[in-house]
file model31.csv (CSV, C-alpha atoms)
chain,number,residue,atom,x,y,z
A,1,MET,CA,119.8,117.8,211.0
A,2,PHE,CA,121.4,117.6,207.6
A,3,LYS,CA,117.9,117.5,206.1
A,4,LEU,CA,116.8,120.5,208.1
A,5,ALA,CA,119.9,122.5,207.2
A,6,SER,CA,119.5,121.6,203.5
A,7,ALA,CA,115.9,122.5,203.5
A,8,ALA,CA,116.7,125.8,205.2
A,9,THR,CA,119.4,126.5,202.7
A,10,LEU,CA,117.1,125.6,199.8
A,11,THR,CA,114.4,127.8,201.2
A,12,ILE,CA,116.8,130.7,201.5
A,13,PHE,CA,118.1,130.0,198.0
A,14,MET,CA,114.6,129.8,196.5
A,15,SER,CA,113.6,133.0,198.4
A,16,SER,CA,116.6,134.8,197.0
A,17,ALA,CA,115.8,133.5,193.5
A,18,LEU,CA,112.2,134.6,193.8
A,19,LEU,CA,113.2,138.0,195.1
A,20,ALA,CA,115.6,138.3,192.2
A,21,GLN,CA,112.9,137.5,189.7
A,22,ALA,CA,110.1,139.4,191.4
A,23,PRO,CA,108.4,141.7,188.9
A,24,ALA,CA,108.9,145.3,189.8
A,25,ALA,CA,105.4,146.6,189.5
A,26,GLN,CA,102.9,143.9,188.9
A,27,PRO,CA,101.5,141.2,191.2
A,28,ALA,CA,102.4,137.7,190.0
A,29,ALA,CA,98.8,136.5,190.0
A,30,ALA,CA,97.7,139.2,187.6
A,31,ILE,CA,99.1,137.7,184.5
A,32,LYS,CA,98.7,134.5,182.6
A,33,ARG,CA,101.8,132.1,182.9
A,34,MET,CA,103.3,129.2,181.0
A,35,PRO,CA,103.8,125.9,182.8
A,36,ASP,CA,107.4,126.9,183.4
A,37,GLY,CA,106.3,130.0,185.3
A,38,LYS,CA,107.3,132.5,182.7
A,39,PRO,CA,104.7,135.1,181.6
A,40,ASP,CA,102.6,133.7,178.8
A,41,PHE,CA,102.8,136.1,175.8
A,42,SER,CA,101.2,133.6,173.4
A,43,GLY,CA,98.3,134.7,171.2
A,44,ILE,CA,97.3,137.5,168.9
A,45,TRP,CA,98.2,141.1,169.6
A,46,GLN,CA,97.8,144.4,167.8
A,47,GLY,CA,99.1,147.8,168.4
A,48,GLY,CA,97.3,150.0,165.9
A,49,GLY,CA,95.0,150.2,163.0
A,50,ILE,CA,91.2,150.5,162.6
A,51,SER,CA,90.6,146.8,162.8
A,52,ALA,CA,92.1,146.7,166.4
A,53,ARG,CA,88.8,148.3,167.5
A,54,GLY,CA,86.5,145.5,166.2
A,55,ALA,CA,84.1,145.2,163.4
A,56,THR,CA,81.8,148.1,164.3
A,57,ALA,CA,84.6,150.6,163.9
A,58,ASN,CA,84.2,150.5,160.2
A,59,VAL,CA,80.5,151.0,160.0
A,60,VAL,CA,79.5,154.5,159.0
A,61,PRO,CA,77.7,156.1,162.0
A,62,PRO,CA,74.1,157.1,161.4
A,63,ALA,CA,73.3,160.8,160.7
A,64,GLY,CA,73.4,162.9,163.8
A,65,ALA,CA,76.0,160.7,165.4
A,66,ALA,CA,78.9,161.5,163.3
A,67,ALA,CA,81.5,162.3,166.0
A,68,PRO,CA,83.8,159.3,165.3
A,69,ALA,CA,83.7,160.0,161.5
A,70,ALA,CA,84.5,163.6,162.0
A,71,GLY,CA,87.2,162.8,164.4
A,72,ALA,CA,88.6,160.3,162.0
A,73,ARG,CA,89.3,163.1,159.5
A,74,GLY,CA,91.8,164.6,161.9
A,75,GLY,CA,95.4,164.5,160.8
A,76,ALA,CA,98.0,162.2,162.2
A,77,PRO,CA,101.6,162.9,163.1
A,78,PRO,CA,103.9,161.7,160.4
A,79,ALA,CA,105.7,159.4,162.8
A,80,ALA,CA,102.5,157.5,163.5
A,81,ALA,CA,101.8,157.3,159.8
A,82,ARG,CA,105.0,155.4,159.3
A,83,GLY,CA,104.2,152.7,161.8
A,84,GLY,CA,106.0,154.0,164.8
A,85,ARG,CA,105.1,156.7,167.2
A,86,GLY,CA,107.7,158.1,169.5
A,87,GLY,CA,106.8,159.0,173.1
A,88,GLY,CA,103.6,158.3,174.9
A,89,GLY,CA,102.7,154.7,175.5
A,90,PRO,CA,103.2,152.8,178.7
A,91,VAL,CA,105.6,153.7,181.5
A,92,GLY,CA,109.1,152.6,180.6
A,93,SER,CA,111.7,150.5,182.2
A,94,GLN,CA,114.5,151.7,184.4
A,95,ALA,CA,116.9,151.2,181.5
A,96,SER,CA,115.0,153.8,179.5
A,97,ALA,CA,114.5,156.3,182.3
A,98,GLY,CA,115.5,159.7,181.1
A,99,LEU,CA,115.9,158.8,177.5
A,100,PRO,CA,114.3,161.0,174.9
A,101,THR,CA,111.3,159.6,172.9
A,102,THR,CA,112.4,161.2,169.7
A,103,PRO,CA,115.7,160.7,167.8
A,104,THR,CA,118.4,163.3,167.6
A,105,LEU,CA,120.3,162.8,164.4
A,106,GLN,CA,123.9,163.6,163.6
A,107,PRO,CA,124.3,166.6,161.3
A,108,TRP,CA,125.0,164.6,158.2
A,109,ALA,CA,121.9,162.5,158.9
A,110,VAL,CA,119.7,165.6,159.4
A,111,GLU,CA,120.8,166.8,155.9
A,112,LYS,CA,120.2,163.5,154.3
A,113,THR,CA,116.8,163.1,155.9
A,114,ARG,CA,115.8,166.5,154.5
A,115,ASN,CA,116.2,165.1,151.0
A,116,LEU,CA,114.3,161.9,151.6
A,117,LYS,CA,110.8,161.4,150.2
A,118,ASN,CA,108.0,159.1,151.1
A,119,ILE,CA,108.8,157.0,148.1
A,120,ASP,CA,112.2,156.3,149.7
A,121,ASP,CA,110.5,154.5,152.5
A,122,PRO,CA,111.4,150.8,152.1
A,123,THR,CA,107.9,149.7,153.0
A,124,VAL,CA,106.4,151.6,150.1
A,125,HIS,CA,108.3,149.1,147.9
A,126,CYS,CA,107.1,146.3,150.1
A,127,PHE,CA,110.4,145.6,151.9
A,128,GLN,CA,110.0,144.5,155.6
A,129,PRO,CA,109.8,147.5,158.0
A,130,GLY,CA,112.3,145.9,160.4
A,131,VAL,CA,112.4,146.3,164.2
A,132,PRO,CA,110.6,148.1,165.8
A,133,ARG,CA,108.5,149.6,163.0
A,134,VAL,CA,106.9,146.2,162.3
A,135,VAL,CA,105.4,146.3,165.8
A,136,GLY,CA,103.5,149.6,165.1
A,137,MET,CA,102.0,148.5,161.8
A,138,PRO,CA,98.2,148.4,161.7
A,139,PHE,CA,98.1,144.6,161.4
A,140,PRO,CA,98.0,141.9,164.1
A,141,LEU,CA,100.9,139.7,165.1
A,142,GLU,CA,100.9,136.3,166.7
A,143,ILE,CA,103.3,135.1,169.4
A,144,VAL,CA,104.1,131.4,169.7
A,145,GLN,CA,105.9,130.7,172.9
A,146,THR,CA,107.9,127.6,173.9
A,147,PRO,CA,110.2,127.2,176.9
A,148,SER,CA,113.3,127.9,174.7
A,149,LYS,CA,112.1,130.3,172.1
A,150,ILE,CA,109.5,132.8,171.1
A,151,VAL,CA,108.3,133.1,167.5
A,152,ILE,CA,106.6,136.2,166.4
A,153,LEU,CA,104.5,136.0,163.2
A,154,TYR,CA,103.7,139.5,161.9
A,155,GLU,CA,100.9,139.8,159.3
A,156,ALA,CA,102.5,143.0,158.1
A,157,PHE,CA,104.9,142.3,155.2
A,158,ARG,CA,105.0,138.6,155.9
A,159,SER,CA,107.6,139.3,158.6
A,160,TYR,CA,108.6,136.8,161.2
A,161,ARG,CA,111.2,136.5,164.0
A,162,ILE,CA,112.5,133.5,165.9
A,163,ILE,CA,113.8,134.7,169.3
A,164,PRO,CA,115.8,132.3,171.5
A,165,THR,CA,115.1,133.0,175.2
A,166,ASP,CA,118.1,131.4,176.7
A,167,GLY,CA,120.4,134.3,175.9
A,168,LYS,CA,122.3,132.3,173.2
A,169,LYS,CA,122.4,133.3,169.6
A,170,VAL,CA,121.2,130.5,167.3
A,171,GLY,CA,123.5,129.2,164.6
A,172,GLY,CA,126.7,130.8,163.2
A,173,GLU,CA,127.4,133.6,160.9
A,174,SER,CA,124.4,135.3,159.3
A,175,ILE,CA,123.9,137.9,156.7
A,176,PRO,CA,122.8,141.3,158.0
A,177,GLY,CA,119.0,141.7,157.5
A,178,TYR,CA,115.9,143.8,157.8
A,179,ASN,CA,115.0,142.2,161.1
A,180,GLY,CA,118.5,141.5,162.3
A,181,ASP,CA,119.4,138.8,164.8
A,182,SER,CA,117.4,138.5,168.0
A,183,VAL,CA,118.7,137.1,171.3
A,184,GLY,CA,116.3,137.0,174.1
A,185,ARG,CA,116.6,136.5,177.9
A,186,TRP,CA,114.3,136.7,180.9
A,187,ASP,CA,114.9,139.5,183.4
A,188,GLY,CA,112.3,138.5,186.0
A,189,ASP,CA,109.0,138.7,184.2
A,190,THR,CA,110.4,140.9,181.5
A,191,LEU,CA,111.5,139.5,178.2
A,192,VAL,CA,114.6,141.4,177.0
A,193,VAL,CA,115.6,141.0,173.4
A,194,GLU,CA,118.8,142.4,171.9
A,195,VAL,CA,118.6,142.8,168.2
A,196,THR,CA,121.7,143.5,166.1
A,197,ASN,CA,123.1,142.6,162.6
A,198,PHE,CA,120.8,144.9,160.7
A,199,ASN,CA,121.5,145.8,157.1
A,200,GLY,CA,121.3,149.6,157.3
A,201,LYS,CA,118.4,149.6,154.8
A,202,ILE,CA,115.5,150.0,157.1
A,203,TRP,CA,113.9,153.2,158.6
A,204,GLY,CA,113.9,153.5,162.4
A,205,PRO,CA,110.7,154.4,164.4
A,206,GLY,CA,109.2,157.9,164.3
A,207,ALA,CA,111.3,160.5,162.6
A,208,MET,CA,114.4,158.2,162.3
A,209,ARG,CA,114.5,157.6,158.5
A,210,ILE,CA,118.1,156.5,158.3
A,211,THR,CA,119.8,153.5,160.0
A,212,SER,CA,123.4,152.2,159.7
A,213,ASP,CA,124.8,148.7,160.3
A,214,LYS,CA,125.5,149.8,163.8
A,215,TYR,CA,121.8,150.1,164.5
A,216,LYS,CA,120.8,148.2,167.7
A,217,VAL,CA,117.5,147.6,169.3
A,218,THR,CA,116.9,146.5,172.9
A,219,GLU,CA,113.3,145.4,173.3
A,220,ARG,CA,111.4,144.8,176.6
A,221,TYR,CA,108.1,142.9,176.6
A,222,ASN,CA,105.9,142.9,179.7
A,223,LEU,CA,102.5,141.5,180.4
A,224,VAL,CA,100.3,143.9,182.4
A,225,GLY,CA,97.0,142.1,182.9
A,226,ASP,CA,95.9,141.2,179.4
A,227,THR,CA,98.0,144.0,177.8
A,228,LEU,CA,101.4,143.7,176.3
A,229,THR,CA,103.6,146.7,176.9
A,230,TYR,CA,106.5,147.1,174.5
A,231,GLU,CA,109.6,149.2,174.7
A,232,ALA,CA,112.5,149.5,172.3
A,233,ILE,CA,115.7,151.4,173.1
A,234,ILE,CA,117.3,152.5,169.8
A,235,GLU,CA,121.0,153.0,169.5
A,236,ASP,CA,122.9,153.8,166.3
A,237,PRO,CA,126.3,155.5,166.8
A,238,GLY,CA,126.5,155.8,163.0
A,239,VAL,CA,123.4,158.0,162.8
A,240,LEU,CA,122.2,159.2,166.2
A,241,THR,CA,123.9,161.5,168.8
A,242,GLY,CA,122.5,159.1,171.5
A,243,PRO,CA,119.9,156.5,172.2
A,244,PHE,CA,116.1,157.2,172.3
A,245,VAL,CA,113.2,155.1,173.3
A,246,TYR,CA,110.0,153.9,171.4
A,247,ARG,CA,107.1,152.6,173.3
A,248,ALA,CA,103.8,150.9,172.4
A,249,THR,CA,100.9,149.1,174.0
A,250,LEU,CA,99.5,146.1,172.3
A,251,THR,CA,96.1,144.6,173.1
A,252,ARG,CA,94.2,141.5,172.0
A,253,PRO,CA,92.1,142.4,169.0
A,254,ALA,CA,88.6,141.0,168.3
A,255,GLU,CA,88.7,137.4,167.3
A,256,THR,CA,90.9,137.0,164.2
A,257,ARG,CA,93.8,135.1,162.8
A,258,ILE,CA,97.0,136.1,161.0
A,259,MET,CA,96.2,136.3,157.3
A,260,GLU,CA,98.3,136.6,154.2
A,261,TYR,CA,99.7,140.0,153.3
A,262,GLU,CA,101.5,139.8,150.0
A,263,CYS,CA,102.4,143.5,149.5
A,264,LEU,CA,103.8,143.0,146.1
A,265,GLU,CA,100.6,141.6,144.7
A,266,ASN,CA,99.1,144.9,143.5
A,267,ASN,CA,101.5,147.6,144.6
A,268,ILE,CA,100.4,150.1,141.9
A,269,ASN,CA,100.5,153.9,141.6
A,270,LEU,CA,104.0,154.3,142.9
A,271,SER,CA,104.8,156.7,140.2
A,272,SER,CA,102.1,159.1,141.5
A,273,ILE,CA,103.7,159.3,145.0
A,274,VAL,CA,105.6,162.5,144.5
A,275,GLN,CA,106.9,163.3,147.9
B,1,MET,CA,78.4,159.5,180.2
B,2,ARG,CA,77.2,159.3,176.6
B,3,ILE,CA,79.2,162.3,175.6
B,4,ARG,CA,82.2,161.0,177.4
B,5,THR,CA,81.8,157.6,175.5
B,6,ALA,CA,81.4,159.4,172.2
B,7,LEU,CA,84.5,161.5,172.8
B,8,LEU,CA,86.5,158.5,173.8
B,9,ALA,CA,85.3,156.7,170.6
B,10,ALA,CA,86.3,159.7,168.5
B,11,VAL,CA,89.7,159.9,170.0
B,12,GLY,CA,90.1,156.2,169.8
B,13,LEU,CA,89.2,156.2,166.1
B,14,VAL,CA,91.6,158.9,165.3
B,15,LEU,CA,94.4,156.9,167.0
B,16,ALA,CA,93.2,153.7,165.4
B,17,VAL,CA,92.9,155.1,161.9
B,18,ALA,CA,96.1,157.0,161.8
B,19,PRO,CA,98.6,154.2,161.3
B,20,ILE,CA,96.7,152.8,158.4
B,21,TRP,CA,98.8,155.1,156.2
B,22,ALA,CA,101.6,152.8,156.9
B,23,HIS,CA,102.1,151.6,153.4
B,24,HIS,CA,102.3,154.9,151.6
B,25,SER,CA,101.5,158.5,152.0
B,26,ASN,CA,97.9,159.2,151.1
B,27,ALA,CA,98.6,162.9,151.5
B,28,ALA,CA,101.2,162.7,148.7
B,29,GLN,CA,98.9,161.1,146.3
B,30,PHE,CA,95.4,162.4,147.2
B,31,ASP,CA,94.1,165.8,148.0
B,32,ALA,CA,91.9,165.7,151.1
B,33,THR,CA,90.4,169.0,150.3
B,34,LYS,CA,89.1,167.8,146.9
B,35,ARG,CA,86.3,165.5,147.7
B,36,THR,CA,83.5,164.2,145.5
B,37,THR,CA,80.8,161.5,145.2
B,38,LEU,CA,80.6,159.1,142.3
B,39,LYS,CA,77.8,156.9,141.4
B,40,GLY,CA,78.1,154.0,138.9
B,41,GLU,CA,78.3,150.4,138.1
B,42,ILE,CA,81.0,148.1,139.5
B,43,THR,CA,83.2,146.7,136.7
B,44,LYS,CA,85.9,144.9,138.7
B,45,VAL,CA,86.8,144.2,142.3
B,46,GLU,CA,90.3,143.5,143.5
B,47,TRP,CA,90.7,142.1,147.1
B,48,THR,CA,94.5,142.6,146.8
B,49,ASN,CA,97.4,143.8,148.9
B,50,PRO,CA,98.7,146.3,149.8
B,51,HIS,CA,95.4,148.0,149.0
B,52,ALA,CA,92.0,146.7,147.8
B,53,TYR,CA,90.5,148.3,144.7
B,54,PHE,CA,87.2,148.3,143.0
B,55,TYR,CA,86.4,150.0,139.7
B,56,VAL,CA,83.2,151.8,138.8
B,57,SER,CA,82.0,152.9,135.4
B,58,VAL,CA,80.7,156.5,135.7
B,59,LYS,CA,79.1,158.8,133.1
B,60,ASP,CA,80.7,162.3,133.2
B,61,ALA,CA,78.9,165.6,132.5
B,62,THR,CA,79.4,165.1,128.8
B,63,GLY,CA,77.9,161.7,128.8
B,64,LYS,CA,81.2,160.0,128.3
B,65,THR,CA,81.8,156.9,130.4
B,66,VAL,CA,84.9,156.9,132.6
B,67,THR,CA,86.2,154.0,134.7
B,68,TRP,CA,87.3,155.1,138.2
B,69,SER,CA,89.7,153.2,140.3
B,70,LEU,CA,88.8,153.3,144.0
B,71,GLU,CA,91.6,152.6,146.5
B,72,GLY,CA,90.9,151.4,150.0
B,73,PHE,CA,92.3,149.7,153.1
B,74,PRO,CA,94.1,146.4,152.8
B,75,PRO,CA,91.7,143.5,152.3
B,76,ASN,CA,92.4,141.9,155.7
B,77,THR,CA,91.5,145.2,157.4
B,78,LEU,CA,88.3,145.3,155.3
B,79,LEU,CA,87.3,141.8,156.4
B,80,ARG,CA,88.0,142.6,160.0
B,81,THR,CA,86.0,145.8,159.9
B,82,GLY,CA,82.7,144.4,158.6
B,83,TRP,CA,83.1,143.9,154.9
B,84,SER,CA,82.5,140.6,153.1
B,85,GLN,CA,83.7,139.8,149.6
B,86,LYS,CA,80.0,139.3,148.8
B,87,ASP,CA,79.3,143.0,149.4
B,88,LEU,CA,80.8,144.2,146.1
B,89,LYS,CA,79.8,142.4,142.9
B,90,GLN,CA,80.3,143.2,139.3
B,91,GLY,CA,77.2,145.0,137.9
B,92,ASP,CA,76.1,146.4,141.3
B,93,THR,CA,75.4,150.1,141.4
B,94,VAL,CA,77.1,151.9,144.3
B,95,SER,CA,77.7,155.4,145.5
B,96,VAL,CA,81.2,156.3,146.7
B,97,GLU,CA,82.5,159.4,148.5
B,98,GLY,CA,86.2,160.1,148.8
B,99,CYS,CA,89.1,162.4,147.8
B,100,LEU,CA,90.6,162.8,144.4
B,101,ALA,CA,94.1,162.2,143.2
B,102,ARG,CA,96.4,165.2,142.9
B,103,ASP,CA,97.5,164.3,139.4
B,104,GLY,CA,93.9,164.5,138.1
B,105,SER,CA,93.7,160.9,137.2
B,106,SER,CA,90.6,158.8,137.6
B,107,ILE,CA,91.7,157.4,141.0
B,108,MET,CA,89.9,158.1,144.2
B,109,LEU,CA,90.8,157.3,147.8
B,110,ALA,CA,87.4,156.0,148.6
B,111,ARG,CA,86.0,156.6,152.0
B,112,GLU,CA,82.2,156.0,152.3
B,113,VAL,CA,80.5,153.4,150.1
B,114,THR,CA,76.7,153.3,149.9
B,115,LEU,CA,75.7,149.8,148.8
B,116,GLY,CA,72.6,149.0,146.7
B,117,ASP,CA,70.8,147.8,149.9
B,118,GLY,CA,71.5,151.1,151.6
B,119,ARG,CA,74.2,150.0,153.9
B,120,LYS,CA,77.1,152.4,154.3
B,121,LEU,CA,80.7,151.2,155.0
B,122,TYR,CA,84.1,152.7,155.0
B,123,TRP,CA,86.3,151.4,152.2
B,124,GLY,CA,89.3,153.5,153.1
B,125,PRO,CA,90.7,156.1,155.5
B,126,ALA,CA,89.2,159.6,155.7
B,127,SER,CA,92.1,161.2,153.9
call {"tool": "encode", "arguments": {"input": "model31.csv", "output": "structure tokens"}}
result
Amino acid sequence: MFKLASAATLTIFMSSALLAQAPAAQPAAAIKRMPDGKPDFSGIWQGGGISARGATANVVPPAGAAAPAAGARGGAPPAAARGGRGGGGPVGSQASAGLPTTPTLQPWAVEKTRNLKNIDDPTVHCFQPGVPRVVGMPFPLEIVQTPSKIVILYEAFRSYRIIPTDGKKVGGESIPGYNGDSVGRWDGDTLVVEVTNFNGKIWGPGAMRITSDKYKVTERYNLVGDTLTYEAIIEDPGVLTGPFVYRATLTRPAETRIMEYECLENNINLSSIVQ
Amino acid sequence: MRIRTALLAAVGLVLAVAPIWAHHSNAAQFDATKRTTLKGEITKVEWTNPHAYFYVSVKDATGKTVTWSLEGFPPNTLLRTGWSQKDLKQGDTVSVEGCLARDGSSIMLAREVTLGDGRKLYWGPAS
């Protein structure tokens, strides 16, 4: 009797737990999982850049079949050029429902942005792009996943992040930085990462070219089949009038590995960048 | 179906190429409306970050030899998109199409490179 009651209680408990963790929109069998049952994000991903399309993307098309080359001459929105497009992308989470996909700056920040030039972009000087700009760079990243942490190795700007997934910040005091401090937790099949402790020296995504030390990013990673959807809610009460959301979709590029990207190696011609 | 595939490829390439400007603004440094083709001998190749360069010795209209610097994608991108370091060697003669620097210097944002064996590859973005 006791055994039956216990088993029933356990079943109810497990059912509740499973219900609580059930993904909102994707069947559990559709994604790859780790031995601990969590979605398996490990591997190489890329959000943009010509190399994401495979080797043939760079071959000049033969005469008479020049559509891709002609198309490639088309302009790009400045936001995309800076490694972060606003809007578009995958369908967002409930947390981001109704949020704008472009930033609205406080009046002083509008004025300051007006005077900024491309050479003021930290990445032009080879500083790390920070979160979430680094996600939109035209280089691959590799995710290494363990039961207690996720490590993301970005080829762009030799950037890396170590993200605990148990909801606890690692270590004690840390100096504000370009990538801030990341604390991750699982919300069902969604990895939610809160990133704070930024240094106020990075540019945000899209048209956000100013950040303060109050800059905060809440990231959500989801596996949808073999695609990684990414969402970042950006908050900065020092710069913005309210939060906005940046979204991206990452896919697995053609077979590759993370290679060295030492930006300072040959960063010449800065003096000729006049705007 | 073919047309649809071609269109998708065109759109895909536009989206794929756009963020390659991530490191600096090409539009600030190069004039996409001033395009030319150079032919000359390779004097140096730099598979370096954040941009790869190679240098070509070109005779101008007066017969004077000018060394042009040809900027392109980051080297990792070039390797991933079909280039090999063996494709460009000092002494090879190549033809290069691209856009000129706004400041009139002998720097080009190189786009289409025609190698000695006739192969054509993109060294950098369209503009």
call {"tool": "closest_residue", "arguments": {"input": "model31.csv", "among": "A:Gln106, A:Asn267, A:Thr196, A:Asn222", "to": "chain B", "atoms": "all atoms listed in the file"}}
result
A:Asn267
call {"tool": "residues_around", "arguments": {"input": "model31.csv", "residues": "A:Val224", "least_positions_apart": "4", "cutoff": "9 Å", "atoms": "only C-alpha atoms", "output": "ChimeraX atom specification"}}
result
/A:26,30-31,228-229
call {"tool": "residues_around", "arguments": {"input": "model31.csv", "residues": "A:Ile152", "least_positions_apart": "3", "cutoff": "8 Å", "atoms": "only C-alpha atoms", "output": "PDB file with C-alpha atoms, in the coordinates of the input"}}
result
ATOM      1  CA  LEU A 141     100.900 139.700 165.100  1.00  0.00           C
ATOM      2  CA  GLU A 142     100.900 136.300 166.700  1.00  0.00           C
ATOM      3  CA  ILE A 143     103.300 135.100 169.400  1.00  0.00           C
ATOM      4  CA  VAL A 144     104.100 131.400 169.700  1.00  0.00           C
ATOM      5  CA  TYR A 160     108.600 136.800 161.200  1.00  0.00           C
ATOM      6  CA  ARG A 161     111.200 136.500 164.000  1.00  0.00           C
ATOM      7  CA  ILE A 162     112.500 133.500 165.900  1.00  0.00           C
ATOM      8  CA  ILE A 163     113.800 134.700 169.300  1.00  0.00           C
TER       9      ILE A 163
END
call {"tool": "atom_distance", "arguments": {"input": "model31.csv", "atom1": "atom CA of B:Ala110", "atom2": "atom CA of A:Tyr154"}}
result
26.7 Å
call {"tool": "residues_around", "arguments": {"input": "model31.csv", "residues": "A:Arg114", "least_positions_apart": "2", "cutoff": "12 Å", "atoms": "all atoms listed in the file", "output": "MDAnalysis selection string"}}
result
chainID A and resid 105 107:112 116:118 120 207:210 275
call {"tool": "residues_around", "arguments": {"input": "model31.csv", "residues": "B:Leu70", "least_positions_apart": "4", "cutoff": "6 Å", "atoms": "all atoms listed in the file", "output": "PyMOL selection string"}}
result
chain B and resi 53-55+107-110
call {"tool": "closest_residue", "arguments": {"input": "model31.csv", "among": "A:Thr101, A:Thr146, A:Ser174, A:Ser96", "to": "A:Arg220", "atoms": "all atoms listed in the file"}}
result
A:Ser96
